[in-house]
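Participant: So that you have it, the file is target_19.cif, and it contains mmCIF, N, CA and C atoms:
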```cif
data_target
loop_
_atom_site.label_atom_id
_atom_site.label_comp_id
_atom_site.auth_asym_id
_atom_site.auth_seq_id
_atom_site.Cartn_x
_atom_site.Cartn_y
_atom_site.Cartn_z
N MET A 497 -10.12 -8.34 -93.99
CA MET A 497 -9.50 -9.40 -94.77
C MET A 497 -9.60 -10.72 -94.00
N ALA A 498 -10.07 -11.74 -94.64
CA ALA A 498 -10.22 -13.05 -94.00
C ALA A 498 -8.86 -13.68 -93.74
N ARG A 499 -8.77 -14.40 -92.64
CA ARG A 499 -7.53 -15.10 -92.30
C ARG A 499 -7.53 -16.47 -92.95
N SER A 500 -6.31 -16.93 -93.27
CA SER A 500 -6.18 -18.30 -93.75
C SER A 500 -6.46 -19.25 -92.59
N ASP A 501 -6.70 -20.51 -92.89
CA ASP A 501 -6.93 -21.50 -91.84
C ASP A 501 -5.72 -21.59 -90.91
N GLU A 502 -4.52 -21.49 -91.49
CA GLU A 502 -3.30 -21.56 -90.69
C GLU A 502 -3.20 -20.36 -89.75
N ALA A 503 -3.50 -19.17 -90.26
CA ALA A 503 -3.46 -17.97 -89.41
C ALA A 503 -4.52 -18.05 -88.33
N GLU A 504 -5.71 -18.49 -88.68
CA GLU A 504 -6.79 -18.61 -87.70
C GLU A 504 -6.40 -19.58 -86.59
N ALA A 505 -5.77 -20.70 -86.95
CA ALA A 505 -5.32 -21.67 -85.96
C ALA A 505 -4.26 -21.06 -85.03
N PHE A 506 -3.35 -20.27 -85.60
CA PHE A 506 -2.32 -19.62 -84.80
C PHE A 506 -2.97 -18.64 -83.82
N PHE A 507 -3.89 -17.81 -84.28
CA PHE A 507 -4.59 -16.86 -83.41
C PHE A 507 -5.26 -17.62 -82.26
N CYS A 508 -5.95 -18.72 -82.57
CA CYS A 508 -6.63 -19.50 -81.54
C CYS A 508 -5.65 -20.08 -80.52
N GLU A 509 -4.51 -20.57 -81.00
CA GLU A 509 -3.49 -21.10 -80.09
C GLU A 509 -2.97 -20.01 -79.16
N VAL A 510 -2.71 -18.84 -79.70
CA VAL A 510 -2.24 -17.72 -78.88
C VAL A 510 -3.28 -17.38 -77.83
N TYR A 511 -4.52 -17.19 -78.24
CA TYR A 511 -5.57 -16.79 -77.31
C TYR A 511 -5.79 -17.85 -76.23
N THR A 512 -5.77 -19.12 -76.61
CA THR A 512 -5.95 -20.19 -75.64
C THR A 512 -4.80 -20.21 -74.63
N ALA A 513 -3.58 -20.00 -75.10
CA ALA A 513 -2.42 -19.96 -74.19
C ALA A 513 -2.52 -18.78 -73.24
N VAL A 514 -2.88 -17.61 -73.76
CA VAL A 514 -2.97 -16.41 -72.92
C VAL A 514 -4.06 -16.57 -71.86
N GLN A 515 -5.12 -17.29 -72.18
CA GLN A 515 -6.18 -17.53 -71.20
C GLN A 515 -5.69 -18.30 -69.98
N GLN A 516 -4.56 -18.99 -70.11
CA GLN A 516 -4.04 -19.80 -69.01
C GLN A 516 -3.08 -19.05 -68.08
N ILE A 517 -2.76 -17.81 -68.41
CA ILE A 517 -1.89 -17.02 -67.53
C ILE A 517 -2.70 -16.69 -66.27
N PRO A 518 -2.16 -17.03 -65.10
CA PRO A 518 -2.92 -16.78 -63.88
C PRO A 518 -3.14 -15.29 -63.59
N TYR A 519 -4.22 -15.01 -62.91
CA TYR A 519 -4.54 -13.67 -62.44
C TYR A 519 -3.36 -13.13 -61.63
N GLY A 520 -2.97 -11.89 -61.89
CA GLY A 520 -1.88 -11.27 -61.14
C GLY A 520 -0.49 -11.68 -61.58
N LYS A 521 -0.39 -12.35 -62.73
CA LYS A 521 0.91 -12.77 -63.27
C LYS A 521 1.06 -12.21 -64.67
N VAL A 522 2.30 -12.15 -65.15
CA VAL A 522 2.59 -11.71 -66.51
C VAL A 522 3.60 -12.66 -67.14
N THR A 523 3.61 -12.67 -68.46
CA THR A 523 4.62 -13.40 -69.20
C THR A 523 4.97 -12.57 -70.43
N SER A 524 5.89 -13.10 -71.23
CA SER A 524 6.33 -12.35 -72.41
C SER A 524 5.71 -12.90 -73.69
N TYR A 525 5.74 -12.06 -74.72
CA TYR A 525 5.28 -12.50 -76.04
C TYR A 525 6.08 -13.73 -76.47
N GLY A 526 7.39 -13.67 -76.23
CA GLY A 526 8.26 -14.78 -76.61
C GLY A 526 7.94 -16.06 -75.88
N HIS A 527 7.54 -15.96 -74.61
CA HIS A 527 7.23 -17.18 -73.88
C HIS A 527 5.93 -17.81 -74.38
N ILE A 528 4.96 -16.98 -74.71
CA ILE A 528 3.73 -17.52 -75.31
C ILE A 528 4.08 -18.22 -76.62
N ALA A 529 4.91 -17.58 -77.45
CA ALA A 529 5.32 -18.20 -78.72
C ALA A 529 5.99 -19.55 -78.48
N LYS A 530 6.86 -19.61 -77.48
CA LYS A 530 7.56 -20.86 -77.15
C LYS A 530 6.56 -21.93 -76.68
N LEU A 531 5.63 -21.54 -75.82
CA LEU A 531 4.66 -22.50 -75.29
C LEU A 531 3.78 -23.12 -76.37
N ILE A 532 3.53 -22.38 -77.45
CA ILE A 532 2.67 -22.93 -78.51
C ILE A 532 3.50 -23.54 -79.64
N GLY A 533 4.81 -23.66 -79.42
CA GLY A 533 5.65 -24.37 -80.38
C GLY A 533 6.19 -23.54 -81.52
N THR A 534 6.12 -22.21 -81.40
CA THR A 534 6.64 -21.33 -82.45
C THR A 534 7.54 -20.26 -81.83
N PRO A 535 8.67 -20.66 -81.24
CA PRO A 535 9.51 -19.71 -80.51
C PRO A 535 10.05 -18.56 -81.36
N GLU A 536 10.03 -18.74 -82.66
CA GLU A 536 10.53 -17.70 -83.56
C GLU A 536 9.47 -16.64 -83.89
N ARG A 537 8.30 -16.70 -83.26
CA ARG A 537 7.20 -15.82 -83.66
C ARG A 537 6.63 -14.93 -82.54
N PRO A 538 7.48 -14.34 -81.69
CA PRO A 538 6.91 -13.49 -80.63
C PRO A 538 6.19 -12.26 -81.16
N ARG A 539 6.67 -11.70 -82.26
CA ARG A 539 5.99 -10.52 -82.81
C ARG A 539 4.59 -10.86 -83.29
N GLN A 540 4.44 -12.06 -83.84
CA GLN A 540 3.11 -12.47 -84.30
C GLN A 540 2.15 -12.65 -83.12
N VAL A 541 2.70 -13.06 -81.96
CA VAL A 541 1.86 -13.14 -80.76
C VAL A 541 1.31 -11.75 -80.45
N GLY A 542 2.17 -10.74 -80.51
CA GLY A 542 1.74 -9.37 -80.29
C GLY A 542 0.68 -8.93 -81.28
N ILE A 543 0.85 -9.32 -82.52
CA ILE A 543 -0.14 -8.97 -83.56
C ILE A 543 -1.48 -9.61 -83.24
N CYS A 544 -1.45 -10.86 -82.80
CA CYS A 544 -2.71 -11.53 -82.43
C CYS A 544 -3.42 -10.76 -81.32
N LEU A 545 -2.67 -10.34 -80.32
CA LEU A 545 -3.28 -9.62 -79.20
C LEU A 545 -3.77 -8.24 -79.63
N LYS A 546 -3.04 -7.62 -80.55
CA LYS A 546 -3.46 -6.32 -81.08
C LYS A 546 -4.82 -6.45 -81.77
N HIS A 547 -5.06 -7.59 -82.41
CA HIS A 547 -6.29 -7.80 -83.17
C HIS A 547 -7.34 -8.61 -82.40
N LEU A 548 -7.18 -8.69 -81.09
CA LEU A 548 -8.16 -9.39 -80.26
C LEU A 548 -9.51 -8.68 -80.37
N PRO A 549 -10.55 -9.41 -80.73
CA PRO A 549 -11.86 -8.77 -80.92
C PRO A 549 -12.40 -8.13 -79.64
N GLN A 550 -13.08 -7.01 -79.80
CA GLN A 550 -13.78 -6.34 -78.70
C GLN A 550 -15.16 -6.97 -78.48
N ASP A 551 -15.71 -7.54 -79.54
CA ASP A 551 -17.06 -8.09 -79.53
C ASP A 551 -17.18 -9.24 -78.54
N ALA A 552 -18.02 -9.06 -77.52
CA ALA A 552 -18.21 -10.09 -76.50
C ALA A 552 -18.82 -11.38 -77.06
N GLU A 553 -19.41 -11.31 -78.24
CA GLU A 553 -19.99 -12.50 -78.88
C GLU A 553 -18.93 -13.38 -79.54
N SER A 554 -17.74 -12.82 -79.76
CA SER A 554 -16.65 -13.58 -80.37
C SER A 554 -16.13 -14.61 -79.37
N PRO A 555 -15.76 -15.82 -79.83
CA PRO A 555 -15.29 -16.84 -78.89
C PRO A 555 -14.05 -16.40 -78.10
N PHE A 556 -13.20 -15.58 -78.71
CA PHE A 556 -12.05 -15.00 -78.02
C PHE A 556 -12.22 -13.48 -78.11
N ASN A 557 -12.18 -12.81 -76.96
CA ASN A 557 -12.39 -11.36 -76.96
C ASN A 557 -11.69 -10.72 -75.76
N HIS A 558 -11.78 -9.40 -75.68
CA HIS A 558 -11.11 -8.65 -74.60
C HIS A 558 -11.58 -9.06 -73.22
N ASP A 559 -12.77 -9.62 -73.11
CA ASP A 559 -13.30 -10.01 -71.81
C ASP A 559 -12.81 -11.38 -71.35
N ASN A 560 -12.49 -12.28 -72.27
CA ASN A 560 -12.10 -13.63 -71.85
C ASN A 560 -10.66 -14.01 -72.19
N VAL A 561 -9.91 -13.10 -72.78
CA VAL A 561 -8.48 -13.32 -73.04
C VAL A 561 -7.74 -12.18 -72.32
N PRO A 562 -7.00 -12.50 -71.26
CA PRO A 562 -6.33 -11.46 -70.48
C PRO A 562 -5.08 -10.90 -71.16
N TRP A 563 -5.29 -10.19 -72.23
CA TRP A 563 -4.24 -9.62 -73.08
C TRP A 563 -3.24 -8.79 -72.27
N GLN A 564 -3.72 -8.16 -71.20
CA GLN A 564 -2.87 -7.27 -70.42
C GLN A 564 -1.73 -8.01 -69.73
N ARG A 565 -1.80 -9.32 -69.62
CA ARG A 565 -0.80 -10.11 -68.91
C ARG A 565 0.40 -10.48 -69.77
N VAL A 566 0.46 -9.99 -70.99
CA VAL A 566 1.59 -10.29 -71.89
C VAL A 566 2.34 -8.99 -72.16
N ILE A 567 3.64 -9.01 -71.82
CA ILE A 567 4.50 -7.84 -71.98
C ILE A 567 5.78 -8.26 -72.69
N ASN A 568 6.70 -7.32 -72.93
CA ASN A 568 7.89 -7.72 -73.67
C ASN A 568 8.92 -8.42 -72.78
N ALA A 569 9.93 -8.98 -73.39
CA ALA A 569 10.92 -9.81 -72.70
C ALA A 569 11.76 -9.05 -71.68
N LYS A 570 11.73 -7.73 -71.74
CA LYS A 570 12.47 -6.92 -70.77
C LYS A 570 11.60 -6.54 -69.58
N GLY A 571 10.36 -7.01 -69.56
CA GLY A 571 9.45 -6.67 -68.48
C GLY A 571 8.79 -5.32 -68.67
N ILE A 572 8.82 -4.82 -69.90
CA ILE A 572 8.26 -3.52 -70.21
C ILE A 572 6.95 -3.67 -70.98
N ILE A 573 5.99 -2.85 -70.61
CA ILE A 573 4.74 -2.81 -71.37
C ILE A 573 5.06 -2.14 -72.70
N SER A 574 4.86 -2.85 -73.78
CA SER A 574 5.24 -2.35 -75.10
C SER A 574 4.48 -1.09 -75.45
N PRO A 575 5.21 -0.09 -75.97
CA PRO A 575 4.53 1.14 -76.40
C PRO A 575 3.61 0.85 -77.58
N ARG A 576 2.61 1.66 -77.73
CA ARG A 576 1.63 1.51 -78.79
C ARG A 576 1.57 2.78 -79.62
N SER A 577 0.86 2.72 -80.70
CA SER A 577 0.68 3.93 -81.51
C SER A 577 -0.11 4.98 -80.73
N GLN A 578 -1.01 4.52 -79.87
CA GLN A 578 -1.76 5.42 -79.00
C GLN A 578 -1.09 5.41 -77.62
N PRO A 579 -0.62 6.55 -77.12
CA PRO A 579 0.04 6.57 -75.81
C PRO A 579 -0.82 6.01 -74.68
N SER A 580 -2.13 6.14 -74.81
CA SER A 580 -3.01 5.63 -73.76
C SER A 580 -3.01 4.10 -73.70
N GLY A 581 -2.57 3.43 -74.76
CA GLY A 581 -2.59 1.97 -74.79
C GLY A 581 -1.76 1.34 -73.69
N ALA A 582 -0.52 1.80 -73.53
CA ALA A 582 0.34 1.26 -72.48
C ALA A 582 -0.21 1.61 -71.10
N ARG A 583 -0.74 2.81 -70.96
CA ARG A 583 -1.33 3.21 -69.66
C ARG A 583 -2.56 2.36 -69.34
N ASN A 584 -3.36 2.05 -70.35
CA ASN A 584 -4.53 1.19 -70.13
C ASN A 584 -4.10 -0.20 -69.69
N GLN A 585 -3.04 -0.73 -70.33
CA GLN A 585 -2.54 -2.05 -69.95
C GLN A 585 -2.01 -2.02 -68.52
N ALA A 586 -1.27 -0.96 -68.17
CA ALA A 586 -0.75 -0.83 -66.81
C ALA A 586 -1.90 -0.79 -65.80
N ALA A 587 -2.94 -0.03 -66.11
CA ALA A 587 -4.09 0.07 -65.21
C ALA A 587 -4.78 -1.29 -65.03
N ALA A 588 -4.90 -2.04 -66.13
CA ALA A 588 -5.52 -3.37 -66.05
C ALA A 588 -4.69 -4.30 -65.18
N LEU A 589 -3.37 -4.23 -65.30
CA LEU A 589 -2.49 -5.04 -64.45
C LEU A 589 -2.56 -4.60 -63.00
N GLN A 590 -2.56 -3.30 -62.76
CA GLN A 590 -2.65 -2.80 -61.40
C GLN A 590 -3.96 -3.23 -60.74
N ALA A 591 -5.03 -3.32 -61.52
CA ALA A 591 -6.31 -3.79 -60.99
C ALA A 591 -6.23 -5.24 -60.51
N GLU A 592 -5.25 -5.98 -61.03
CA GLU A 592 -5.03 -7.37 -60.61
C GLU A 592 -4.00 -7.45 -59.48
N GLY A 593 -3.53 -6.31 -59.00
CA GLY A 593 -2.55 -6.30 -57.91
C GLY A 593 -1.10 -6.34 -58.36
N VAL A 594 -0.86 -6.20 -59.66
CA VAL A 594 0.50 -6.19 -60.19
C VAL A 594 1.07 -4.78 -60.04
N THR A 595 2.27 -4.69 -59.48
CA THR A 595 2.93 -3.40 -59.34
C THR A 595 3.57 -3.02 -60.67
N VAL A 596 3.23 -1.86 -61.17
CA VAL A 596 3.81 -1.34 -62.41
C VAL A 596 4.62 -0.10 -62.03
N THR A 597 5.90 -0.10 -62.40
CA THR A 597 6.76 1.03 -62.10
C THR A 597 7.10 1.78 -63.38
N THR A 598 7.62 2.98 -63.22
CA THR A 598 8.02 3.78 -64.36
C THR A 598 9.54 3.89 -64.37
N GLY A 599 10.16 3.49 -65.49
CA GLY A 599 11.60 3.53 -65.63
C GLY A 599 12.11 4.93 -65.93
N ALA A 600 13.42 5.05 -66.01
CA ALA A 600 14.08 6.34 -66.22
C ALA A 600 13.65 7.02 -67.52
N LEU A 601 13.27 6.25 -68.51
CA LEU A 601 12.86 6.82 -69.80
C LEU A 601 11.33 6.91 -69.94
N GLY A 602 10.64 6.69 -68.84
CA GLY A 602 9.18 6.77 -68.86
C GLY A 602 8.49 5.47 -69.21
N GLU A 603 9.26 4.41 -69.41
CA GLU A 603 8.66 3.13 -69.76
C GLU A 603 7.96 2.51 -68.55
N LEU A 604 6.86 1.82 -68.80
CA LEU A 604 6.09 1.15 -67.75
C LEU A 604 6.60 -0.28 -67.63
N MET A 605 6.97 -0.66 -66.41
CA MET A 605 7.68 -1.93 -66.20
C MET A 605 7.02 -2.79 -65.13
N VAL A 606 7.20 -4.11 -65.28
CA VAL A 606 6.74 -5.08 -64.30
C VAL A 606 7.94 -5.97 -63.95
N ASP A 607 8.09 -6.28 -62.67
CA ASP A 607 9.20 -7.12 -62.19
C ASP A 607 8.86 -8.59 -62.41
N PHE A 608 9.55 -9.21 -63.38
CA PHE A 608 9.30 -10.64 -63.66
C PHE A 608 9.64 -11.51 -62.46
N SER A 609 10.60 -11.11 -61.63
CA SER A 609 10.97 -11.96 -60.49
C SER A 609 9.82 -12.07 -59.49
N GLU A 610 8.95 -11.08 -59.47
CA GLU A 610 7.80 -11.11 -58.56
C GLU A 610 6.52 -11.57 -59.24
N TYR A 611 6.30 -11.15 -60.49
CA TYR A 611 5.03 -11.40 -61.16
C TYR A 611 5.12 -12.31 -62.39
N GLY A 612 6.32 -12.77 -62.72
CA GLY A 612 6.50 -13.55 -63.93
C GLY A 612 5.88 -14.94 -63.86
N TRP A 613 5.40 -15.39 -65.00
CA TRP A 613 4.82 -16.74 -65.17
C TRP A 613 5.49 -17.35 -66.38
N PHE A 614 6.36 -18.36 -66.11
CA PHE A 614 7.14 -18.96 -67.19
C PHE A 614 7.19 -20.49 -67.05
N PRO A 615 6.04 -21.15 -67.19
CA PRO A 615 6.04 -22.62 -67.09
C PRO A 615 6.73 -23.25 -68.30
N LYS A 616 7.16 -24.48 -68.13
CA LYS A 616 7.79 -25.22 -69.24
C LYS A 616 6.74 -25.65 -70.27
N ALA A 617 5.51 -25.82 -69.80
CA ALA A 617 4.39 -26.21 -70.69
C ALA A 617 3.12 -25.54 -70.17
N LEU A 618 2.16 -25.42 -71.06
CA LEU A 618 0.86 -24.87 -70.64
C LEU A 618 0.19 -25.81 -69.66
N PRO A 619 -0.50 -25.30 -68.65
CA PRO A 619 -1.19 -26.18 -67.71
C PRO A 619 -2.14 -27.16 -68.40
N SER A 620 -2.76 -26.75 -69.49
CA SER A 620 -3.69 -27.62 -70.22
C SER A 620 -2.98 -28.78 -70.91
N GLU A 621 -1.67 -28.69 -71.06
CA GLU A 621 -0.91 -29.74 -71.75
C GLU A 621 -0.13 -30.63 -70.79
N GLU A 622 -0.08 -30.28 -69.52
CA GLU A 622 0.66 -31.10 -68.56
C GLU A 622 0.04 -32.46 -68.44
N GLY A 623 0.86 -33.47 -68.48
CA GLY A 623 0.40 -34.84 -68.34
C GLY A 623 -0.12 -35.46 -69.63
N GLU A 624 -0.06 -34.76 -70.74
CA GLU A 624 -0.56 -35.33 -72.00
C GLU A 624 0.32 -36.47 -72.51
N ASP A 625 1.61 -36.47 -72.12
CA ASP A 625 2.53 -37.50 -72.61
C ASP A 625 2.44 -38.78 -71.80
N GLU A 626 1.71 -38.75 -70.71
CA GLU A 626 1.66 -39.93 -69.85
C GLU A 626 0.71 -40.97 -70.36
#
```
Represent the structure of the file as structure tokens.
Facilitator:
Amino acid sequence: MARSDEAEAFFCEVYTAVQQIPYGKVTSYGHIAKLIGTPERPRQVGICLKHLPQDAESPFNHDNVPWQRVINAKGIISPRSQPSGARNQAAALQAEGVTVTTGALGELMVDFSEYGWFPKALPSEEGEDE
């Protein structure tokens, strides 16, 4: 199904913001939503990442958008319909040197105090008001 121009613009904003998360850092879906001016839409950020193209020919894809660096607001890697999805995300983060722990209920967690990235604005937007 084709996306509307508005939806396509939102997907592009999400992907562009996620590309700015530094290597070895994580942030939340909600923080990405806030950074792009839609703080009420963290779930839609997740949907965008869920639908990130695999095709390397696509301008935004799994190779150039570090999807693994976005987790939920509790510091937990969100469960997926496929159990391997959270494990794959954990492995991708561990490959960047991020420590992923397992909580009492089996949830995969990252310590925001050590690995969190929560700027007030995207690096690409700093200084635009000057």
Participant: Which of range 520-587 of chain A counts as strand (DSSP E or B) under DSSP, as a VMD selection string please?
Facilitator: chain A and resid 522 to 524 566 to 567 572
Participant: Take the residues from that selection and put them in a file with N, CA and C atoms, as a short mmCIF file (atom, residue, chain, number, x, y, z; two decimals), in the coordinates of the input.
Facilitator:
```
data_model
loop_
_atom_site.label_atom_id
_atom_site.label_comp_id
_atom_site.auth_asym_id
_atom_site.auth_seq_id
_atom_site.Cartn_x
_atom_site.Cartn_y
_atom_site.Cartn_z
N VAL A 522 2.30 -12.15 -65.15
CA VAL A 522 2.59 -11.71 -66.51
C VAL A 522 3.60 -12.66 -67.14
N THR A 523 3.61 -12.67 -68.46
CA THR A 523 4.62 -13.40 -69.20
C THR A 523 4.97 -12.57 -70.43
N SER A 524 5.89 -13.10 -71.23
CA SER A 524 6.33 -12.35 -72.41
C SER A 524 5.71 -12.90 -73.69
N VAL A 566 0.46 -9.99 -70.99
CA VAL A 566 1.59 -10.29 -71.89
C VAL A 566 2.34 -8.99 -72.16
N ILE A 567 3.64 -9.01 -71.82
CA ILE A 567 4.50 -7.84 -71.98
C ILE A 567 5.78 -8.26 -72.69
N ILE A 572 8.82 -4.82 -69.90
CA ILE A 572 8.26 -3.52 -70.21
C ILE A 572 6.95 -3.67 -70.98
#
```
Participant: Pick out the residues sitting within 8 Å of range 614-618 of chain A, and hand them over as JSON, numbers by chain; count only N, CA and C atoms, and ignore anything fewer than 4 positions along from it in its own chain.
Facilitator: {"A": [513, 516, 522, 523, 524, 527, 530, 531, 532, 622, 623]}
Participant: Residues of chain A in alpha helix (DSSP H) according to DSSP, as a compact mmCIF listing (two decimals) with N, CA and C atoms, keeping the file's coordinate frame?
Facilitator:
```txt
# COMPACT_ATOMS: atom_id res chain seq x y z
N ASP A 501 -6.70 -20.51 -92.89
CA ASP A 501 -6.93 -21.50 -91.84
C ASP A 501 -5.72 -21.59 -90.91
N GLU A 502 -4.52 -21.49 -91.49
CA GLU A 502 -3.30 -21.56 -90.69
C GLU A 502 -3.20 -20.36 -89.75
N ALA A 503 -3.50 -19.17 -90.26
CA ALA A 503 -3.46 -17.97 -89.41
C ALA A 503 -4.52 -18.05 -88.33
N GLU A 504 -5.71 -18.49 -88.68
CA GLU A 504 -6.79 -18.61 -87.70
C GLU A 504 -6.40 -19.58 -86.59
N ALA A 505 -5.77 -20.70 -86.95
CA ALA A 505 -5.32 -21.67 -85.96
C ALA A 505 -4.26 -21.06 -85.03
N PHE A 506 -3.35 -20.27 -85.60
CA PHE A 506 -2.32 -19.62 -84.80
C PHE A 506 -2.97 -18.64 -83.82
N PHE A 507 -3.89 -17.81 -84.28
CA PHE A 507 -4.59 -16.86 -83.41
C PHE A 507 -5.26 -17.62 -82.26
N CYS A 508 -5.95 -18.72 -82.57
CA CYS A 508 -6.63 -19.50 -81.54
C CYS A 508 -5.65 -20.08 -80.52
N GLU A 509 -4.51 -20.57 -81.00
CA GLU A 509 -3.49 -21.10 -80.09
C GLU A 509 -2.97 -20.01 -79.16
N VAL A 510 -2.71 -18.84 -79.70
CA VAL A 510 -2.24 -17.72 -78.88
C VAL A 510 -3.28 -17.38 -77.83
N TYR A 511 -4.52 -17.19 -78.24
CA TYR A 511 -5.57 -16.79 -77.31
C TYR A 511 -5.79 -17.85 -76.23
N THR A 512 -5.77 -19.12 -76.61
CA THR A 512 -5.95 -20.19 -75.64
C THR A 512 -4.80 -20.21 -74.63
N ALA A 513 -3.58 -20.00 -75.10
CA ALA A 513 -2.42 -19.96 -74.19
C ALA A 513 -2.52 -18.78 -73.24
N VAL A 514 -2.88 -17.61 -73.76
CA VAL A 514 -2.97 -16.41 -72.92
C VAL A 514 -4.06 -16.57 -71.86
N TYR A 525 5.74 -12.06 -74.72
CA TYR A 525 5.28 -12.50 -76.04
C TYR A 525 6.08 -13.73 -76.47
N GLY A 526 7.39 -13.67 -76.23
CA GLY A 526 8.26 -14.78 -76.61
C GLY A 526 7.94 -16.06 -75.88
N HIS A 527 7.54 -15.96 -74.61
CA HIS A 527 7.23 -17.18 -73.88
C HIS A 527 5.93 -17.81 -74.38
N ILE A 528 4.96 -16.98 -74.71
CA ILE A 528 3.73 -17.52 -75.31
C ILE A 528 4.08 -18.22 -76.62
N ALA A 529 4.91 -17.58 -77.45
CA ALA A 529 5.32 -18.20 -78.72
C ALA A 529 5.99 -19.55 -78.48
N LYS A 530 6.86 -19.61 -77.48
CA LYS A 530 7.56 -20.86 -77.15
C LYS A 530 6.56 -21.93 -76.68
N LEU A 531 5.63 -21.54 -75.82
CA LEU A 531 4.66 -22.50 -75.29
C LEU A 531 3.78 -23.12 -76.37
N PRO A 538 7.48 -14.34 -81.69
CA PRO A 538 6.91 -13.49 -80.63
C PRO A 538 6.19 -12.26 -81.16
N ARG A 539 6.67 -11.70 -82.26
CA ARG A 539 5.99 -10.52 -82.81
C ARG A 539 4.59 -10.86 -83.29
N GLN A 540 4.44 -12.06 -83.84
CA GLN A 540 3.11 -12.47 -84.30
C GLN A 540 2.15 -12.65 -83.12
N VAL A 541 2.70 -13.06 -81.96
CA VAL A 541 1.86 -13.14 -80.76
C VAL A 541 1.31 -11.75 -80.45
N GLY A 542 2.17 -10.74 -80.51
CA GLY A 542 1.74 -9.37 -80.29
C GLY A 542 0.68 -8.93 -81.28
N ILE A 543 0.85 -9.32 -82.52
CA ILE A 543 -0.14 -8.97 -83.56
C ILE A 543 -1.48 -9.61 -83.24
N CYS A 544 -1.45 -10.86 -82.80
CA CYS A 544 -2.71 -11.53 -82.43
C CYS A 544 -3.42 -10.76 -81.32
N LEU A 545 -2.67 -10.34 -80.32
CA LEU A 545 -3.28 -9.62 -79.20
C LEU A 545 -3.77 -8.24 -79.63
N LYS A 546 -3.04 -7.62 -80.55
CA LYS A 546 -3.46 -6.32 -81.08
C LYS A 546 -4.82 -6.45 -81.77
N PRO A 579 -0.62 6.55 -77.12
CA PRO A 579 0.04 6.57 -75.81
C PRO A 579 -0.82 6.01 -74.68
N SER A 580 -2.13 6.14 -74.81
CA SER A 580 -3.01 5.63 -73.76
C SER A 580 -3.01 4.10 -73.70
N GLY A 581 -2.57 3.43 -74.76
CA GLY A 581 -2.59 1.97 -74.79
C GLY A 581 -1.76 1.34 -73.69
N ALA A 582 -0.52 1.80 -73.53
CA ALA A 582 0.34 1.26 -72.48
C ALA A 582 -0.21 1.61 -71.10
N ARG A 583 -0.74 2.81 -70.96
CA ARG A 583 -1.33 3.21 -69.66
C ARG A 583 -2.56 2.36 -69.34
N ASN A 584 -3.36 2.05 -70.35
CA ASN A 584 -4.53 1.19 -70.13
C ASN A 584 -4.10 -0.20 -69.69
N GLN A 585 -3.04 -0.73 -70.33
CA GLN A 585 -2.54 -2.05 -69.95
C GLN A 585 -2.01 -2.02 -68.52
N ALA A 586 -1.27 -0.96 -68.17
CA ALA A 586 -0.75 -0.83 -66.81
C ALA A 586 -1.90 -0.79 -65.80
N ALA A 587 -2.94 -0.03 -66.11
CA ALA A 587 -4.09 0.07 -65.21
C ALA A 587 -4.78 -1.29 -65.03
N ALA A 588 -4.90 -2.04 -66.13
CA ALA A 588 -5.52 -3.37 -66.05
C ALA A 588 -4.69 -4.30 -65.18
N LEU A 589 -3.37 -4.23 -65.30
CA LEU A 589 -2.49 -5.04 -64.45
C LEU A 589 -2.56 -4.60 -63.00
N GLN A 590 -2.56 -3.30 -62.76
CA GLN A 590 -2.65 -2.80 -61.40
C GLN A 590 -3.96 -3.23 -60.74
N ALA A 591 -5.03 -3.32 -61.52
CA ALA A 591 -6.31 -3.79 -60.99
C ALA A 591 -6.23 -5.24 -60.51
N PHE A 608 9.55 -9.21 -63.38
CA PHE A 608 9.30 -10.64 -63.66
C PHE A 608 9.64 -11.51 -62.46
N SER A 609 10.60 -11.11 -61.63
CA SER A 609 10.97 -11.96 -60.49
C SER A 609 9.82 -12.07 -59.49
N GLU A 610 8.95 -11.08 -59.47
CA GLU A 610 7.80 -11.11 -58.56
C GLU A 610 6.52 -11.57 -59.24
N TYR A 611 6.30 -11.15 -60.49
CA TYR A 611 5.03 -11.40 -61.16
C TYR A 611 5.12 -12.31 -62.39
```
Participant: Quick one: residues within 8 Å of Asn560 in chain A, all atoms listed in the file, excluding same-chain residues fewer than 5 positions away - as number ranges by chain?
Facilitator: A: 511, 514-515, 552, 555
Participant: In Å, with one decimal, what is the gap from atom C of Ile572 in chain A to atom C of Phe506 in chain A?
Facilitator: 22.1 Å
Participant: How would you write, as a list in words, the residues chosen by the PyMOL selection byres ((chain A and resi 605) around 6) on this structure?
Facilitator: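 Answer for the PyMOL selection byres ((chain A and resi 605) around 6): Gly571, Ile572, Ile573, Thr595, Val596, Thr597, Thr598, Gly599, Glu603, Leu604, Val606 and Asp607 of chain A.
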Participant: Some atoms are missing, so please complete range 604-608 of chain A with N, CA, C and O atoms and return it as an mmCIF file, in the frame of the given file.
Facilitator:
```
data_model
loop_
_atom_site.group_PDB
_atom_site.id
_atom_site.type_symbol
_atom_site.label_atom_id
_atom_site.label_comp_id
_atom_site.auth_asym_id
_atom_site.auth_seq_id
_atom_site.Cartn_x
_atom_site.Cartn_y
_atom_site.Cartn_z
ATOM 1 N N LEU A 604 6.860 1.820 -68.800
ATOM 2 C CA LEU A 604 6.090 1.150 -67.750
ATOM 3 C C LEU A 604 6.600 -0.280 -67.630
ATOM 4 O O LEU A 604 6.653 -1.008 -68.610
ATOM 5 N N MET A 605 6.970 -0.660 -66.410
ATOM 6 C CA MET A 605 7.680 -1.930 -66.200
ATOM 7 C C MET A 605 7.020 -2.790 -65.130
ATOM 8 O O MET A 605 6.423 -2.264 -64.189
ATOM 9 N N VAL A 606 7.200 -4.110 -65.280
ATOM 10 C CA VAL A 606 6.740 -5.080 -64.300
ATOM 11 C C VAL A 606 7.940 -5.970 -63.950
ATOM 12 O O VAL A 606 8.702 -6.372 -64.824
ATOM 13 N N ASP A 607 8.090 -6.280 -62.670
ATOM 14 C CA ASP A 607 9.200 -7.120 -62.190
ATOM 15 C C ASP A 607 8.860 -8.590 -62.410
ATOM 16 O O ASP A 607 8.007 -9.150 -61.717
ATOM 17 N N PHE A 608 9.550 -9.210 -63.380
ATOM 18 C CA PHE A 608 9.300 -10.640 -63.660
ATOM 19 C C PHE A 608 9.640 -11.510 -62.460
ATOM 20 O O PHE A 608 9.038 -12.573 -62.275
#
```
